[in-house]
Amino acid sequence: MDFKDLTRKERSEALEALGERPFREKQIFKWICAGAESFAEMTDLPAALREKLAERCSFRRGKVEFCQTSKDGTSKFLISFPDGEKAETVFMSYEYGNSLCVSTQVGCNMGCVFCASGIGGKVRDLKAWEILEQYLLCAEYTGKPINHIVLMGMGEPMDNYEQVSEFLRQIHDPAGIGLSYRNITVSSCGLIPKLEQFEKDFPQVNLAISLHASDQETREKLMPAAKVYKLDELIPFCRKHAEVTGRRVTFEYALIAGRNDTDADAKKLAVLLRGLNCHVNLIPLNTVTESGLKSSGRPRALDFQKKLLDQGIQCTVRRQLGADIDAACGQLRKNHPNRPC
Ligand code: SAH
């Protein structure tokens with residue numbers, strides 16, 4: 001068993017079972033967040049405890065297998081975990097700071113037709129420490145501060161809620177990284193029951209919803225999960241969420257030629273979101289060859305944006321950071337055919 005596979009509560013229990021006091025867990029947690037490679041390094045633990053732990057369990061780290069940097073300065077990391085599974089993480093630089101986009105699963109079960117992450121389904125959930133590890137390795141590798149984390153990489157965070165919520169608590173804990181919840185954004189395709197739980201547990205964490213259509217029929221065709229979690233429940237949830245938390249909800253809307261990008265679609269979207277405290281992020285579709293879908297293109301995106309703005313809906317067209325290295329939204333995968341590693 002690897003010590004880090006446990007949640008912090010389980011670690012405390014394991015230490016207690018060894019006759020240790022609870023504060024030992026916090027000491028070890030600090031070492032994990034400082035990037036320790038082994039128990040042996042944890043010099044503020046008694047030597048006997050370090051030895052006991054090393055005898056009973058492993059303490060392993062992930063590894064940066066490969067890093068690719070885009071013309072725009074975005075870097076994509078391929079990170080491997082001790083069982084050999086891999087996930088991608090993207091580091092982005094903005095004027096106001098650096099953002100890291102982390103994966104929550106290897107693969108994804110949601111099956112959105114435009115997204116590369118779901119090709120081949122889900123392989124496994126990532127453990128909380130493996131999500132944290134993406135942060136630690138990228139911070140070490142780039143040597144730059146990370147001000148914002150978005151859970152928008154591979155995987156559906158609400159389909160791995162237990163580990164994702166453990167990760168959120170860990171990255172927030174002042175004993176380790178101490179990142180403010182307000183600097184974290186979780187994106188979901190709309191698994192409503194888990195989102196209800198998320199709202200209770202993390203009212204300060206920002207929520208982004210992958211919307212991509214303004215009517216049920218179109219949304220179902222693009223996103224199979226929408227058949228279960230319907231728009232006429234999702235939008236009322238978002239209205240309530242914005243009110244309960246006092247925080248603006250972000251909606252992601254990828255513009256796909258001929259599918260969801262007409263003036264009529266913009267009008268419907270404006271009606272759907274009227275009065276909701278939200279921001280729409282328009283993303284000209286990033287290329288995923290297998291999907292056969294085409295982007296509406298930037299000029300159409302700007303027109304679509306204008307239509308929404310005219311109707312009083314706040315919205316921006318997202319820059320396509322990292323598209324030249326397949327690091328843009330929806331382009332992350334568990335394996336790339338021609339990768340040099
Ligand atoms: N599963 C979560 C987290 C992934 S976030 C979710 O669905 O929200 C990644 C974002 O990129 C989502 O909004 C997703 O719908 C979007 N996306 C996926 N494929 C895309 C593509 N080819 N072009 C643009 N955006 C895409």
# chains A, B, ... in the order shown; residues from 1 in each chain; ligands from 1

call {"tool": "select_by_dssp", "arguments": {"residues": "region 155-305 of chain A", "states": "strand (DSSP E or B)", "output": "list in words"}}
result
Ile184, Thr185, Val186, Ser187, Ser188, Asn206, Leu207, Ala208, Ile209, Ser210, Val249, Thr250, Phe251, Glu252, Tyr253, Ala254, Leu255, Ile256, Cys278, His279, Val280, Asn281, Leu282, Ile283, Pro284 and Ser295 of chain A

call {"tool": "closest_atom_pairs", "arguments": {"of": "chain A", "to": "ligand 1", "cutoff": "9 Å", "atoms": "only C-alpha atoms and all ligand atoms", "output": "tab-separated table"}}
result
residue	atom	partner	partner_atom_place_in_ligand_line	distance
A:Cys101	CA	ligand 1	5 (S)	8.8
A:Ser103	CA	ligand 1	4 (C)	8.2
A:Thr104	CA	ligand 1	3 (C)	8.4
A:Cys108	CA	ligand 1	1 (N)	7.5
A:Met110	CA	ligand 1	1 (N)	7.2
A:Cys112	CA	ligand 1	15 (O)	7.2
A:Val113	CA	ligand 1	19 (N)	8.0
A:Phe114	CA	ligand 1	22 (N)	4.9
A:Cys115	CA	ligand 1	19 (N)	3.5
A:Ala116	CA	ligand 1	19 (N)	6.4
A:Ser117	CA	ligand 1	19 (N)	7.7
A:Val150	CA	ligand 1	5 (S)	8.4
A:Leu151	CA	ligand 1	3 (C)	6.4
A:Met152	CA	ligand 1	5 (S)	3.5
A:Gly153	CA	ligand 1	4 (C)	5.3
A:Met154	CA	ligand 1	4 (C)	6.0
A:Gly155	CA	ligand 1	1 (N)	5.1
A:Glu156	CA	ligand 1	1 (N)	3.6
A:Pro157	CA	ligand 1	2 (C)	6.3
A:Met158	CA	ligand 1	1 (N)	8.0
A:Asp159	CA	ligand 1	1 (N)	8.6
A:Val186	CA	ligand 1	3 (C)	7.5
A:Ser187	CA	ligand 1	8 (O)	4.1
A:Ser188	CA	ligand 1	8 (O)	3.5
A:Cys189	CA	ligand 1	7 (O)	3.9
A:Gly190	CA	ligand 1	7 (O)	7.6
A:Ala208	CA	ligand 1	8 (O)	6.8
A:Ile209	CA	ligand 1	8 (O)	5.7
A:Ser210	CA	ligand 1	13 (O)	4.2
A:Leu211	CA	ligand 1	13 (O)	7.4
A:His212	CA	ligand 1	15 (O)	7.1
A:Met223	CA	ligand 1	15 (O)	8.6
A:Phe251	CA	ligand 1	13 (O)	8.0
A:Glu252	CA	ligand 1	13 (O)	5.1
A:Tyr253	CA	ligand 1	13 (O)	7.0
A:Ala254	CA	ligand 1	24 (C)	5.0
A:Leu255	CA	ligand 1	24 (C)	7.6
A:Ile256	CA	ligand 1	23 (N)	8.4
A:Leu282	CA	ligand 1	24 (C)	8.8
A:Ile283	CA	ligand 1	24 (C)	5.5
A:Pro284	CA	ligand 1	24 (C)	6.3
A:Leu285	CA	ligand 1	23 (N)	3.8
A:Asn286	CA	ligand 1	23 (N)	3.7
A:Thr287	CA	ligand 1	22 (N)	5.5
A:Val288	CA	ligand 1	22 (N)	5.6
A:Ser291	CA	ligand 1	22 (N)	8.4
A:Leu293	CA	ligand 1	22 (N)	8.5
A:Ser295	CA	ligand 1	23 (N)	8.0
A:Gln320	CA	ligand 1	24 (C)	8.7
A:Ala328	CA	ligand 1	24 (C)	7.2
A:Cys329	CA	ligand 1	11 (O)	4.0
A:Gly330	CA	ligand 1	19 (N)	3.0
A:Gln331	CA	ligand 1	22 (N)	6.1
A:Leu332	CA	ligand 1	19 (N)	8.6

call {"tool": "residues_around", "arguments": {"residues": "Tyr135 (chain A)", "least_positions_apart": "2", "cutoff": "12 Å", "atoms": "only C-alpha atoms", "output": "ChimeraX atom specification"}}
result
/A:32-35,62-64,77,79,88-91,98-103,128-133,137-151,167-168,170-171,177,179

call {"tool": "residues_around", "arguments": {"residues": "Gly107 (chain A)", "least_positions_apart": "3", "cutoff": "8 Å", "atoms": "only C-alpha atoms", "output": "short mmCIF file (atom, residue, chain, number, x, y, z; two decimals) with N, CA, C and O atoms, in the first residue's frame"}}
result
data_model
loop_
_atom_site.label_atom_id
_atom_site.label_comp_id
_atom_site.auth_asym_id
_atom_site.auth_seq_id
_atom_site.Cartn_x
_atom_site.Cartn_y
_atom_site.Cartn_z
N SER A 117 -10.95 13.67 -24.44
CA SER A 117 -10.67 12.98 -23.17
C SER A 117 -11.53 11.72 -22.98
O SER A 117 -11.14 10.81 -22.26
N GLY A 118 -12.70 11.70 -23.62
CA GLY A 118 -13.61 10.57 -23.41
C GLY A 118 -13.40 9.42 -24.38
O GLY A 118 -14.02 8.36 -24.24
N ILE A 119 -12.50 9.61 -25.34
CA ILE A 119 -12.29 8.54 -26.33
C ILE A 119 -11.72 7.32 -25.59
O ILE A 119 -10.68 7.41 -24.95
N GLY A 120 -12.44 6.20 -25.66
CA GLY A 120 -11.97 5.00 -24.95
C GLY A 120 -12.46 4.93 -23.51
O GLY A 120 -12.11 4.00 -22.78
N GLY A 121 -13.27 5.87 -23.09
CA GLY A 121 -13.87 5.82 -21.75
C GLY A 121 -12.91 6.13 -20.62
O GLY A 121 -11.80 6.63 -20.84
N LYS A 122 -13.37 5.80 -19.40
CA LYS A 122 -12.55 6.10 -18.23
C LYS A 122 -11.67 4.90 -17.90
O LYS A 122 -12.15 3.77 -17.91
N VAL A 123 -10.41 5.15 -17.60
CA VAL A 123 -9.52 4.07 -17.17
C VAL A 123 -9.59 3.94 -15.64
O VAL A 123 -9.83 2.88 -15.10
N ARG A 124 -9.39 5.07 -14.96
CA ARG A 124 -9.58 5.07 -13.52
C ARG A 124 -9.68 6.49 -12.98
O ARG A 124 -9.31 7.46 -13.66
N MET A 154 -8.54 16.41 -18.00
CA MET A 154 -9.23 15.17 -18.33
C MET A 154 -10.12 14.74 -17.16
O MET A 154 -9.72 14.83 -16.00
N GLY A 155 -11.31 14.23 -17.50
CA GLY A 155 -12.18 13.68 -16.46
C GLY A 155 -13.31 14.59 -16.03
O GLY A 155 -13.30 15.79 -16.31
N ARG A 333 -5.73 14.00 -23.56
CA ARG A 333 -6.02 12.58 -23.70
C ARG A 333 -5.09 11.78 -22.82
O ARG A 333 -4.08 12.28 -22.34
N LYS A 334 -5.41 10.49 -22.72
CA LYS A 334 -4.55 9.64 -21.89
C LYS A 334 -3.36 9.13 -22.68
O LYS A 334 -2.38 8.70 -22.13
#

call {"tool": "closest_residue", "arguments": {"among": "A:Ser296, A:Pro46, A:Asn277, A:Glu220", "to": "Ala257 (chain A)", "atoms": "only C-alpha atoms"}}
result
A:Ser296

call {"tool": "select_by_dssp", "arguments": {"residues": "region 18-266 of chain A", "states": "alpha helix (DSSP H)", "output": "MDAnalysis selection string"}}
result
chainID A and resid 23:33 47:56 128:142 161:172 192:201 216:222 231:245 263:266

call {"tool": "atom_distance", "arguments": {"atom1": "CA of Lys30 (chain A)", "atom2": "CA of Pro174 (chain A)"}}
result
9.6 Å
